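Below: target_32.cif (mmCIF, C-alpha atoms)
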data_structure
loop_
_atom_site.group_PDB
_atom_site.id
_atom_site.type_symbol
_atom_site.label_atom_id
_atom_site.label_comp_id
_atom_site.auth_asym_id
_atom_site.auth_seq_id
_atom_site.Cartn_x
_atom_site.Cartn_y
_atom_site.Cartn_z
ATOM 1 C CA MET L 12 63.619 -16.809 -2.219
ATOM 2 C CA ARG L 13 66.374 -15.977 -4.691
ATOM 3 C CA ARG L 14 65.003 -18.519 -7.081
ATOM 4 C CA ASP L 15 61.596 -16.877 -6.996
ATOM 5 C CA VAL L 16 63.050 -13.694 -8.369
ATOM 6 C CA PHE L 17 64.314 -15.460 -11.448
ATOM 7 C CA GLN L 18 61.092 -17.340 -11.930
ATOM 8 C CA ALA L 19 59.295 -14.041 -11.718
ATOM 9 C CA ILE L 20 61.313 -12.497 -14.524
ATOM 10 C CA ALA L 21 61.202 -15.669 -16.611
ATOM 11 C CA ASP L 22 57.630 -14.831 -17.612
ATOM 12 C CA PRO L 23 57.387 -12.502 -20.620
ATOM 13 C CA THR L 24 54.242 -10.716 -19.400
ATOM 14 C CA ARG L 25 55.872 -9.963 -16.077
ATOM 15 C CA ARG L 26 58.963 -8.674 -17.842
ATOM 16 C CA ALA L 27 56.747 -6.417 -19.935
ATOM 17 C CA ILE L 28 55.047 -5.128 -16.786
ATOM 18 C CA LEU L 29 58.428 -4.389 -15.204
ATOM 19 C CA LEU L 30 59.499 -2.482 -18.288
ATOM 20 C CA MET L 31 56.312 -0.437 -18.307
ATOM 21 C CA ILE L 32 56.406 0.608 -14.698
ATOM 22 C CA ALA L 33 60.166 1.232 -14.810
ATOM 23 C CA PHE L 34 59.396 4.659 -16.250
ATOM 24 C CA LYS L 35 56.432 5.642 -14.127
ATOM 25 C CA SER L 36 54.327 4.027 -11.453
ATOM 26 C CA MET L 37 50.959 2.791 -12.719
ATOM 27 C CA THR L 38 47.642 1.524 -11.416
ATOM 28 C CA PRO L 39 46.625 -2.106 -12.144
ATOM 29 C CA ASN L 40 43.917 -0.859 -14.517
ATOM 30 C CA ALA L 41 46.352 1.262 -16.489
ATOM 31 C CA ILE L 42 48.729 -1.706 -16.731
ATOM 32 C CA ALA L 43 45.944 -4.090 -17.786
ATOM 33 C CA GLU L 44 44.973 -1.794 -20.677
ATOM 34 C CA HIS L 45 48.266 -2.668 -22.358
ATOM 35 C CA PHE L 46 47.641 -6.394 -22.384
ATOM 36 C CA ASP L 47 45.253 -8.682 -24.215
ATOM 37 C CA THR L 48 44.418 -10.422 -21.030
ATOM 38 C CA THR L 49 42.000 -10.128 -18.155
ATOM 39 C CA ARG L 50 42.415 -7.718 -15.314
ATOM 40 C CA GLN L 51 42.585 -10.794 -13.039
ATOM 41 C CA ALA L 52 45.533 -12.224 -14.937
ATOM 42 C CA VAL L 53 47.397 -8.948 -14.630
ATOM 43 C CA SER L 54 46.587 -8.815 -10.916
ATOM 44 C CA LYS L 55 48.058 -12.287 -10.533
ATOM 45 C CA HIS L 56 51.284 -11.224 -12.239
ATOM 46 C CA LEU L 57 51.453 -8.145 -10.029
ATOM 47 C CA ARG L 58 51.004 -10.350 -6.981
ATOM 48 C CA VAL L 59 53.949 -12.554 -7.993
ATOM 49 C CA LEU L 60 56.109 -9.501 -8.630
ATOM 50 C CA THR L 61 55.099 -7.991 -5.288
ATOM 51 C CA GLU L 62 55.809 -11.237 -3.423
ATOM 52 C CA CYS L 63 59.280 -11.352 -4.951
ATOM 53 C CA GLU L 64 59.698 -7.713 -3.963
ATOM 54 C CA LEU L 65 60.421 -6.725 -7.536
ATOM 55 C CA VAL L 66 57.673 -4.127 -7.340
ATOM 56 C CA LYS L 67 56.110 -2.241 -4.483
ATOM 57 C CA GLN L 68 52.729 -0.686 -3.937
ATOM 58 C CA THR L 69 52.110 2.908 -3.041
ATOM 59 C CA PHE L 70 48.702 4.287 -2.157
ATOM 60 C CA GLU L 71 47.398 7.581 -3.427
ATOM 61 C CA GLY L 72 43.898 8.207 -2.242
ATOM 62 C CA ARG L 73 41.908 5.160 -3.215
ATOM 63 C CA GLU L 74 44.272 4.178 -6.015
ATOM 64 C CA ILE L 75 47.085 1.651 -5.756
ATOM 65 C CA TYR L 76 50.159 2.387 -7.825
ATOM 66 C CA TYR L 77 52.866 -0.121 -8.653
ATOM 67 C CA GLU L 78 56.489 0.881 -8.991
ATOM 68 C CA ILE L 79 59.835 -0.872 -9.505
ATOM 69 C CA GLU L 80 61.793 -1.982 -6.473
ATOM 70 C CA VAL L 81 65.195 -0.755 -7.545
ATOM 71 C CA LYS L 82 67.201 -2.656 -4.926
ATOM 72 C CA LYS L 83 65.832 -6.005 -5.966
ATOM 73 C CA MET L 84 66.482 -5.366 -9.614
ATOM 74 C CA LYS L 85 70.075 -4.602 -8.717
ATOM 75 C CA GLU L 86 70.319 -7.979 -7.025
ATOM 76 C CA ILE L 87 69.649 -9.670 -10.345
ATOM 77 C CA ASP L 88 72.414 -7.638 -11.903
ATOM 78 C CA HIS L 89 74.600 -8.789 -9.067
ATOM 79 C CA TRP L 90 74.052 -12.443 -9.975
ATOM 80 C CA LEU L 91 74.896 -11.737 -13.572
ATOM 81 C CA SER L 92 78.021 -9.842 -12.631
ATOM 82 C CA GLN L 93 79.213 -12.941 -10.785
ATOM 83 C CA PHE L 94 78.748 -14.993 -13.909
ATOM 84 C CA ARG L 95 80.743 -12.394 -15.794
ATOM 85 C CA GLN L 96 83.494 -12.572 -13.195
ATOM 86 C CA LEU L 97 83.633 -16.336 -13.550
ATOM 87 C CA TRP L 98 84.310 -15.985 -17.253
ATOM 88 C CA GLU L 99 86.978 -13.351 -16.728
ATOM 89 C CA ASP L 100 88.820 -15.621 -14.280
ATOM 90 C CA ARG L 101 88.474 -18.604 -16.560
ATOM 91 C CA PHE L 102 89.850 -16.698 -19.564
ATOM 92 C CA ASN L 103 92.773 -15.388 -17.555
ATOM 93 C CA GLU L 104 93.670 -19.013 -16.849
ATOM 94 C CA LEU L 105 93.362 -19.828 -20.521
ATOM 95 C CA ASP L 106 95.766 -16.961 -21.340
ATOM 96 C CA LYS L 107 98.352 -18.659 -19.149
ATOM 97 C CA VAL L 108 97.709 -22.058 -20.702
ATOM 98 C CA LEU L 109 98.083 -20.633 -24.228
ATOM 99 C CA GLN L 110 101.303 -18.897 -23.248
ATOM 100 C CA ALA L 111 102.676 -22.175 -21.894
ATOM 101 C CA MET L 112 101.643 -23.949 -25.115
ATOM 102 C CA LYS L 113 103.487 -21.324 -27.163
ATOM 103 C CA ASN L 114 106.618 -21.691 -25.010
ATOM 104 C CA ASN L 115 106.567 -25.460 -25.433
ATOM 105 C CA LYS L 116 106.354 -25.106 -29.177
ATOM 106 C CA LYS L 117 109.499 -22.972 -29.375
ATOM 107 C CA MET Y 13 95.538 -10.148 -16.742
ATOM 108 C CA ASN Y 14 96.145 -8.795 -20.201
ATOM 109 C CA ASN Y 15 94.130 -5.612 -20.466
ATOM 110 C CA ASN Y 16 94.745 -5.264 -24.181
ATOM 111 C CA LEU Y 17 92.582 -8.268 -24.998
ATOM 112 C CA SER Y 18 88.954 -7.322 -25.437
ATOM 113 C CA PHE Y 19 86.271 -8.973 -23.361
ATOM 114 C CA ASP Y 20 82.519 -8.551 -23.880
ATOM 115 C CA PHE Y 21 79.791 -9.968 -21.742
ATOM 116 C CA SER Y 22 76.201 -9.201 -22.600
ATOM 117 C CA VAL Y 23 72.910 -10.509 -21.338
ATOM 118 C CA ASN Y 24 69.715 -10.572 -23.317
ATOM 119 C CA ARG Y 25 66.859 -11.123 -20.900
ATOM 120 C CA GLU Y 26 64.299 -11.169 -23.701
ATOM 121 C CA ASN Y 27 65.543 -14.463 -25.097
ATOM 122 C CA ASN Y 28 67.549 -15.764 -22.108
ATOM 123 C CA THR Y 29 70.896 -15.656 -23.814
ATOM 124 C CA ILE Y 30 74.320 -14.598 -22.706
ATOM 125 C CA THR Y 31 77.107 -13.726 -25.102
ATOM 126 C CA VAL Y 32 80.692 -13.970 -23.932
ATOM 127 C CA LYS Y 33 83.330 -12.748 -26.358
ATOM 128 C CA ARG Y 34 87.051 -12.700 -25.777
ATOM 129 C CA GLU Y 35 90.272 -12.264 -27.755
ATOM 130 C CA PHE Y 36 93.254 -14.521 -27.175
ATOM 131 C CA GLU Y 37 96.876 -13.972 -28.071
ATOM 132 C CA ALA Y 38 97.359 -17.253 -29.907
ATOM 133 C CA ASP Y 39 96.587 -18.691 -33.325
ATOM 134 C CA ILE Y 40 93.295 -20.384 -34.033
ATOM 135 C CA ASN Y 41 94.769 -23.912 -33.978
ATOM 136 C CA MET Y 42 96.013 -23.445 -30.469
ATOM 137 C CA VAL Y 43 92.822 -21.891 -29.136
ATOM 138 C CA TRP Y 44 90.743 -24.580 -30.826
ATOM 139 C CA ASP Y 45 92.897 -27.236 -29.135
ATOM 140 C CA ALA Y 46 92.423 -25.509 -25.778
ATOM 141 C CA TYR Y 47 88.642 -25.851 -26.191
ATOM 142 C CA THR Y 48 88.489 -29.293 -27.732
ATOM 143 C CA LYS Y 49 91.186 -31.386 -26.036
ATOM 144 C CA SER Y 50 90.394 -32.629 -22.577
ATOM 145 C CA GLU Y 51 93.977 -32.554 -21.272
ATOM 146 C CA ILE Y 52 94.079 -28.804 -21.995
ATOM 147 C CA LEU Y 53 90.485 -28.094 -20.877
ATOM 148 C CA ASP Y 54 91.323 -29.685 -17.533
ATOM 149 C CA LEU Y 55 93.937 -26.974 -17.026
ATOM 150 C CA TRP Y 56 91.658 -23.959 -17.297
ATOM 151 C CA TRP Y 57 87.942 -24.781 -17.439
ATOM 152 C CA ALA Y 58 87.269 -24.901 -13.698
ATOM 153 C CA PRO Y 59 87.246 -21.690 -11.692
ATOM 154 C CA LYS Y 60 89.826 -21.713 -8.890
ATOM 155 C CA PRO Y 61 90.072 -23.362 -6.415
ATOM 156 C CA TRP Y 62 88.094 -25.987 -8.339
ATOM 157 C CA LYS Y 63 89.718 -28.295 -10.848
ATOM 158 C CA ALA Y 64 88.228 -29.889 -13.924
ATOM 159 C CA LYS Y 65 88.765 -33.628 -14.226
ATOM 160 C CA THR Y 66 87.865 -35.413 -17.446
ATOM 161 C CA LYS Y 67 86.525 -38.947 -17.274
ATOM 162 C CA THR Y 68 85.910 -39.423 -20.981
ATOM 163 C CA MET Y 69 85.906 -37.183 -24.011
ATOM 164 C CA ASP Y 70 85.086 -37.869 -27.618
ATOM 165 C CA PHE Y 71 85.122 -34.668 -29.639
ATOM 166 C CA ARG Y 72 83.006 -35.411 -32.704
ATOM 167 C CA ASP Y 73 79.376 -34.803 -33.743
ATOM 168 C CA GLY Y 74 77.278 -36.731 -31.261
ATOM 169 C CA GLY Y 75 80.291 -37.256 -29.027
ATOM 170 C CA HIS Y 76 80.559 -36.011 -25.472
ATOM 171 C CA TRP Y 77 82.730 -34.622 -22.681
ATOM 172 C CA HIS Y 78 82.099 -36.211 -19.295
ATOM 173 C CA TYR Y 79 83.913 -34.319 -16.581
ATOM 174 C CA ALA Y 80 83.778 -33.290 -12.956
ATOM 175 C CA MET Y 81 84.414 -30.010 -11.230
ATOM 176 C CA VAL Y 82 86.403 -31.090 -8.188
ATOM 177 C CA GLY Y 83 86.361 -28.795 -5.178
ATOM 178 C CA PRO Y 84 89.060 -28.164 -2.593
ATOM 179 C CA GLU Y 85 87.407 -30.657 -0.220
ATOM 180 C CA GLY Y 86 87.261 -33.294 -2.941
ATOM 181 C CA GLU Y 87 83.558 -32.664 -3.666
ATOM 182 C CA GLU Y 88 82.546 -33.411 -7.225
ATOM 183 C CA HIS Y 89 79.959 -31.864 -9.524
ATOM 184 C CA TRP Y 90 79.669 -33.963 -12.658
ATOM 185 C CA ALA Y 91 78.747 -32.524 -16.025
ATOM 186 C CA TRP Y 92 78.009 -33.948 -19.443
ATOM 187 C CA ALA Y 93 78.413 -31.971 -22.642
ATOM 188 C CA GLU Y 94 77.252 -33.328 -25.973
ATOM 189 C CA TYR Y 95 78.817 -32.009 -29.140
ATOM 190 C CA LYS Y 96 77.088 -31.214 -32.395
ATOM 191 C CA ASN Y 97 77.592 -29.116 -35.552
ATOM 192 C CA ILE Y 98 81.371 -29.315 -35.356
ATOM 193 C CA GLN Y 99 82.794 -27.266 -38.228
ATOM 194 C CA ALA Y 100 86.576 -27.388 -38.024
ATOM 195 C CA GLN Y 101 87.171 -25.817 -41.421
ATOM 196 C CA LEU Y 102 84.819 -23.144 -42.687
ATOM 197 C CA PRO Y 103 85.665 -21.276 -45.917
ATOM 198 C CA SER Y 104 85.762 -18.039 -43.896
ATOM 199 C CA GLY Y 105 88.633 -19.415 -41.826
ATOM 200 C CA GLN Y 106 86.327 -19.600 -38.840
ATOM 201 C CA ARG Y 107 85.606 -22.697 -36.805
ATOM 202 C CA LYS Y 108 82.502 -23.566 -34.825
ATOM 203 C CA PHE Y 109 80.946 -26.118 -32.594
ATOM 204 C CA THR Y 110 77.878 -26.416 -30.393
ATOM 205 C CA GLY Y 111 77.745 -28.062 -26.993
ATOM 206 C CA LEU Y 112 74.703 -29.110 -25.001
ATOM 207 C CA ASP Y 113 75.686 -28.769 -21.374
ATOM 208 C CA ALA Y 114 73.961 -30.680 -18.567
ATOM 209 C CA PHE Y 115 74.541 -31.775 -15.001
ATOM 210 C CA ALA Y 116 75.160 -35.489 -14.595
ATOM 211 C CA ASP Y 117 76.504 -38.099 -12.183
ATOM 212 C CA ALA Y 118 79.779 -40.019 -12.161
ATOM 213 C CA GLU Y 119 78.256 -42.652 -14.448
ATOM 214 C CA GLY Y 120 77.236 -40.070 -17.020
ATOM 215 C CA ASN Y 121 73.501 -40.148 -16.357
ATOM 216 C CA ILE Y 122 72.096 -36.728 -17.142
ATOM 217 C CA ASN Y 123 70.124 -35.077 -14.367
ATOM 218 C CA GLN Y 124 66.978 -33.933 -16.160
ATOM 219 C CA SER Y 125 65.737 -31.840 -13.249
ATOM 220 C CA LEU Y 126 68.735 -29.529 -13.377
ATOM 221 C CA PRO Y 127 69.315 -26.809 -15.942
ATOM 222 C CA GLN Y 128 70.690 -27.469 -19.381
ATOM 223 C CA SER Y 129 72.099 -24.911 -21.723
ATOM 224 C CA GLU Y 130 73.269 -24.739 -25.304
ATOM 225 C CA TRP Y 131 76.636 -23.254 -26.160
ATOM 226 C CA GLN Y 132 77.447 -22.099 -29.680
ATOM 227 C CA ILE Y 133 81.137 -21.326 -29.851
ATOM 228 C CA THR Y 134 82.716 -19.544 -32.821
ATOM 229 C CA PHE Y 135 86.457 -19.073 -33.358
ATOM 230 C CA THR Y 136 87.580 -16.264 -35.666
ATOM 231 C CA PRO Y 137 91.200 -15.522 -36.603
ATOM 232 C CA LYS Y 138 92.206 -11.847 -36.391
ATOM 233 C CA GLY Y 139 95.862 -11.268 -37.235
ATOM 234 C CA ASN Y 140 97.863 -13.043 -34.567
ATOM 235 C CA LEU Y 141 94.843 -13.074 -32.277
ATOM 236 C CA THR Y 142 91.843 -15.373 -32.113
ATOM 237 C CA ILE Y 143 88.374 -14.191 -31.162
ATOM 238 C CA VAL Y 144 86.166 -16.680 -29.367
ATOM 239 C CA GLU Y 145 82.475 -15.898 -29.179
ATOM 240 C CA CYS Y 146 80.281 -18.045 -27.003
ATOM 241 C CA PHE Y 147 76.532 -17.715 -27.322
ATOM 242 C CA ILE Y 148 74.830 -19.449 -24.380
ATOM 243 C CA THR Y 149 71.098 -20.127 -24.400
ATOM 244 C CA PHE Y 150 69.329 -20.965 -21.161
ATOM 245 C CA SER Y 151 65.757 -22.116 -21.223
ATOM 246 C CA ASP Y 152 65.164 -19.474 -18.570
ATOM 247 C CA LEU Y 153 67.269 -17.242 -16.397
ATOM 248 C CA SER Y 154 66.404 -19.111 -13.215
ATOM 249 C CA GLN Y 155 68.584 -21.830 -14.712
ATOM 250 C CA LEU Y 156 71.467 -19.476 -14.805
ATOM 251 C CA GLU Y 157 71.115 -18.981 -11.097
ATOM 252 C CA THR Y 158 71.108 -22.737 -10.483
ATOM 253 C CA THR Y 159 74.155 -23.062 -12.698
ATOM 254 C CA LEU Y 160 75.895 -20.507 -10.557
ATOM 255 C CA GLN Y 161 74.905 -22.232 -7.357
ATOM 256 C CA MET Y 162 75.702 -25.759 -8.462
ATOM 257 C CA GLY Y 163 78.843 -25.544 -10.448
ATOM 258 C CA PHE Y 164 80.735 -22.565 -9.336
ATOM 259 C CA LYS Y 165 79.562 -21.773 -5.854
ATOM 260 C CA ASP Y 166 82.926 -22.050 -4.154
ATOM 261 C CA GLY Y 167 84.964 -20.872 -7.038
ATOM 262 C CA MET Y 168 83.572 -17.425 -7.295
ATOM 263 C CA ARG Y 169 85.495 -14.461 -6.107
ATOM 264 C CA ILE Y 170 82.435 -13.001 -4.427
ATOM 265 C CA ALA Y 171 81.406 -15.587 -1.887
ATOM 266 C CA MET Y 172 77.796 -16.469 -1.259
ATOM 267 C CA GLU Y 173 78.238 -15.350 2.336
ATOM 268 C CA GLY Y 174 78.728 -11.891 0.939
ATOM 269 C CA LEU Y 175 75.489 -12.217 -0.960
ATOM 270 C CA ASP Y 176 73.659 -13.433 2.106
ATOM 271 C CA GLU Y 177 74.840 -10.327 3.903
ATOM 272 C CA ILE Y 178 73.483 -8.202 1.110
ATOM 273 C CA PHE Y 179 70.133 -9.956 1.336
ATOM 274 C CA ALA Y 180 70.104 -9.686 5.113
ATOM 275 C CA SER Y 181 70.854 -5.970 5.000
ATOM 276 C CA GLN Y 182 67.807 -5.444 2.801
ATOM 277 C CA LEU Y 183 65.341 -7.054 5.150
#
Conversion result in C-alpha cells:
Amino acid sequence: MRRDVFQAIADPTRRAILLMIAFKSMTPNAIAEHFDTTRQAVSKHLRVLTECELVKQTFEGREIYYEIEVKKMKEIDHWLSQFRQLWEDRFNELDKVLQAMKNNKK
Amino acid sequence: MNNNLSFDFSVNRENNTITVKREFEADINMVWDAYTKSEILDLWWAPKPWKAKTKTMDFRDGGHWHYAMVGPEGEEHWAWAEYKNIQAQLPSGQRKFTGLDAFADAEGNINQSLPQSEWQITFTPKGNLTIVECFITFSDLSQLETTLQMGFKDGMRIAMEGLDEIFASQL
C-alpha cells in the first residue's frame, strides 16, 4: 500500500495532475485539456491516484471533480522527514568521531 | 548536537534527487578521511543501534566498499558501493567522489531487484570548517522508500509501529 503511493508519484504525468489540482479541484475533461494525451489515458492516471488515495472525487450535479487528498500527501512528507532525521543522526555521530580524531592528533 | 553547524536537506521530486548538505568542524583532510577510510566509516555510517561493518574496501576509481549494517539482533543488511570520479585534489581546493550504492549479499553479489542510487559527494573547505554536499539520485522515489525500509528500519528514531498507527488512524 505504501509502495503504491510512491509508484503513483513516480510518473511525471501523475505528478503534473497532482500539481494542477492542488490549486483547485477539476473535472477529468478539464484536466485532459492540459495534456497531449487521450482522455482515456488521463482517466487511467486519475484511477491510479484515486486508488492510492492521493486524490478524491467529489460530485457536483453530474460532474465529477478531483481534488488533492491532503492527508496522504503529508504521509509522503513524513517518509522524507524520516530520511532527513537519519542524516541528522548520522552527522551527529560524525561530529563526535571528528572531535575524537582531533583529540588524538593533539 | 552542534546547532551552529548548518544542515540542509532538500528534495526535488521532479528529478528524484535529494541534496544533503552539512558543515563540519574539522579540516578537509580529516573529513575526507572520515568518508573514505573504512575504519572511520564503521564508527559513524550506521544509524544507531545499527553498526556498520566493513568486509572489504578499496577506495579508488572502480574500487568498492563492501559492508554490512548489523542490527542489535545480529541481523545483517549487506551493501556494495562502487567508487568513480575520485578527485582528491581539485584546483579549487575542493574534493569530490561519486559512489554507486546498491544492496548486496555477504559475498558481494549485487541485488539487482533492489534500489540503487548514485551519490555525488563534494567537500569544500570554509575557514576551519568543511562543507560536505551529497547529491543523491534515485531512479524513482519508490526506491527511497525501499531504502528506508531495508537499511534503516530499526535505526530510525520514529519507529515503523508509529507509522502503522498513523496509517491505521486514517482508515
Problem - atom CA of Val32 of chain Y to atom CA of Leu30 of chain L, straight-line distance in Å - result: 24.8 Å
Problem - Residue neighbourhood Arg107 of chain Y, 12 Å, all atoms listed in the file, exclusion window fewer than 4 positions, as a PyMOL selection string - result: chain Y and resi 40-41+43-45+47-48+97-103+132-137+142-145
Keeping only C-alpha atoms, write the selected residues to a file as a JSON list (two decimals), keeping the file's coordinate frame.
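The result, written out as out34.json:
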[["chain", "number", "residue", "atom", "x", "y", "z"],
["Y", 40, "ILE", "CA", 93.30, -20.38, -34.03],
["Y", 41, "ASN", "CA", 94.77, -23.91, -33.98],
["Y", 43, "VAL", "CA", 92.82, -21.89, -29.14],
["Y", 44, "TRP", "CA", 90.74, -24.58, -30.83],
["Y", 45, "ASP", "CA", 92.90, -27.24, -29.14],
["Y", 47, "TYR", "CA", 88.64, -25.85, -26.19],
["Y", 48, "THR", "CA", 88.49, -29.29, -27.73],
["Y", 97, "ASN", "CA", 77.59, -29.12, -35.55],
["Y", 98, "ILE", "CA", 81.37, -29.32, -35.36],
["Y", 99, "GLN", "CA", 82.79, -27.27, -38.23],
["Y", 100, "ALA", "CA", 86.58, -27.39, -38.02],
["Y", 101, "GLN", "CA", 87.17, -25.82, -41.42],
["Y", 102, "LEU", "CA", 84.82, -23.14, -42.69],
["Y", 103, "PRO", "CA", 85.66, -21.28, -45.92],
["Y", 132, "GLN", "CA", 77.45, -22.10, -29.68],
["Y", 133, "ILE", "CA", 81.14, -21.33, -29.85],
["Y", 134, "THR", "CA", 82.72, -19.54, -32.82],
["Y", 135, "PHE", "CA", 86.46, -19.07, -33.36],
["Y", 136, "THR", "CA", 87.58, -16.26, -35.67],
["Y", 137, "PRO", "CA", 91.20, -15.52, -36.60],
["Y", 142, "THR", "CA", 91.84, -15.37, -32.11],
["Y", 143, "ILE", "CA", 88.37, -14.19, -31.16],
["Y", 144, "VAL", "CA", 86.17, -16.68, -29.37],
["Y", 145, "GLU", "CA", 82.48, -15.90, -29.18]]
Practice task
Rank nothing, just name the residue among Y:Leu17, Y:Ser22, Y:Gly120, Y:Trp57 nearest to Phe36 of chain Y, using all atoms listed in the file.
Solution key: Y:Leu17
Exercise for the section: Would you please work out which residue, of Y:Leu112, Y:Pro61, Y:Arg34, Y:His89, is nearest to Trp77 of chain Y when using only C-alpha atoms? Expected result: Y:Leu112
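The space between atom CA of Glu104 of chain L and atom CA of Ser129 of chain Y spans 22.9 Å.
Between chain Y and the candidates L:Ile79, L:Ala19, L:Val59, L:Leu29, the tightest atom-to-atom separation, counting only C-alpha atoms, involves L:Ala19.
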Exercise for the section: Name the residues that the PyMOL selection byres ((chain Y and resi 67) around 6) pulls out of this structure, and write them as a VMD selection string. Expected result: chain Y and resid 66 68 78 to 79
Practice task
List the residues matched by the PyMOL selection byres ((chain L and resi 42-48) around 10) in the displayed structure as a VMD selection string, ordered by chain and then by residue number.
Solution key: chain L and resid 24 27 to 28 31 to 32 36 to 41 49 to 54 57 76 to 77
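Computed from the coordinates, the atom CA of Thr31 of chain Y to atom CA of Ala118 of chain Y distance equals 29.4 Å.
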Handout entry: Shortest interatomic distance to chain Y - which of L:Lys55, L:Arg73, L:Lys35, L:Lys113, counting all atoms listed in the file
Key = L:Lys113
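Evaluated against the shown file, the PyMOL selection byres ((chain Y and resi 81-88) around 7) gives Ala58, Pro61, Trp62, Lys63, Ala64, Lys65, Tyr79, Ala80, His89 and Trp90 of chain Y.
Nearest to chain L of all the residues Y:Ala46, Y:Asn121, Y:Ser18, Y:Asn24 is Y:Ala46, counting only C-alpha atoms.
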Take every atom of segment 42-50 of chain Y listed in the file, pad by 4 Å on each side, and give me the axis-aligned box centre and edge lengths in Å, one decimal, as AutoDock Vina command-line options.
--center_x 92.3 --center_y -27.3 --center_z -26.7 --size_x 15.5 --size_y 18.7 --size_z 16.2
Handout entry: Test item: residues at most 9 Å from Asp106 of chain L, all atoms listed in the file, excluding those fewer than 2 positions along its chain, as number ranges by chain
Key = L: 101-104, 108-111; Y: 13-14, 36-38
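Closest to chain L among Y:Phe150, Y:Ala91, Y:Thr110, Y:Gly139 is Y:Phe150, based on only C-alpha atoms.
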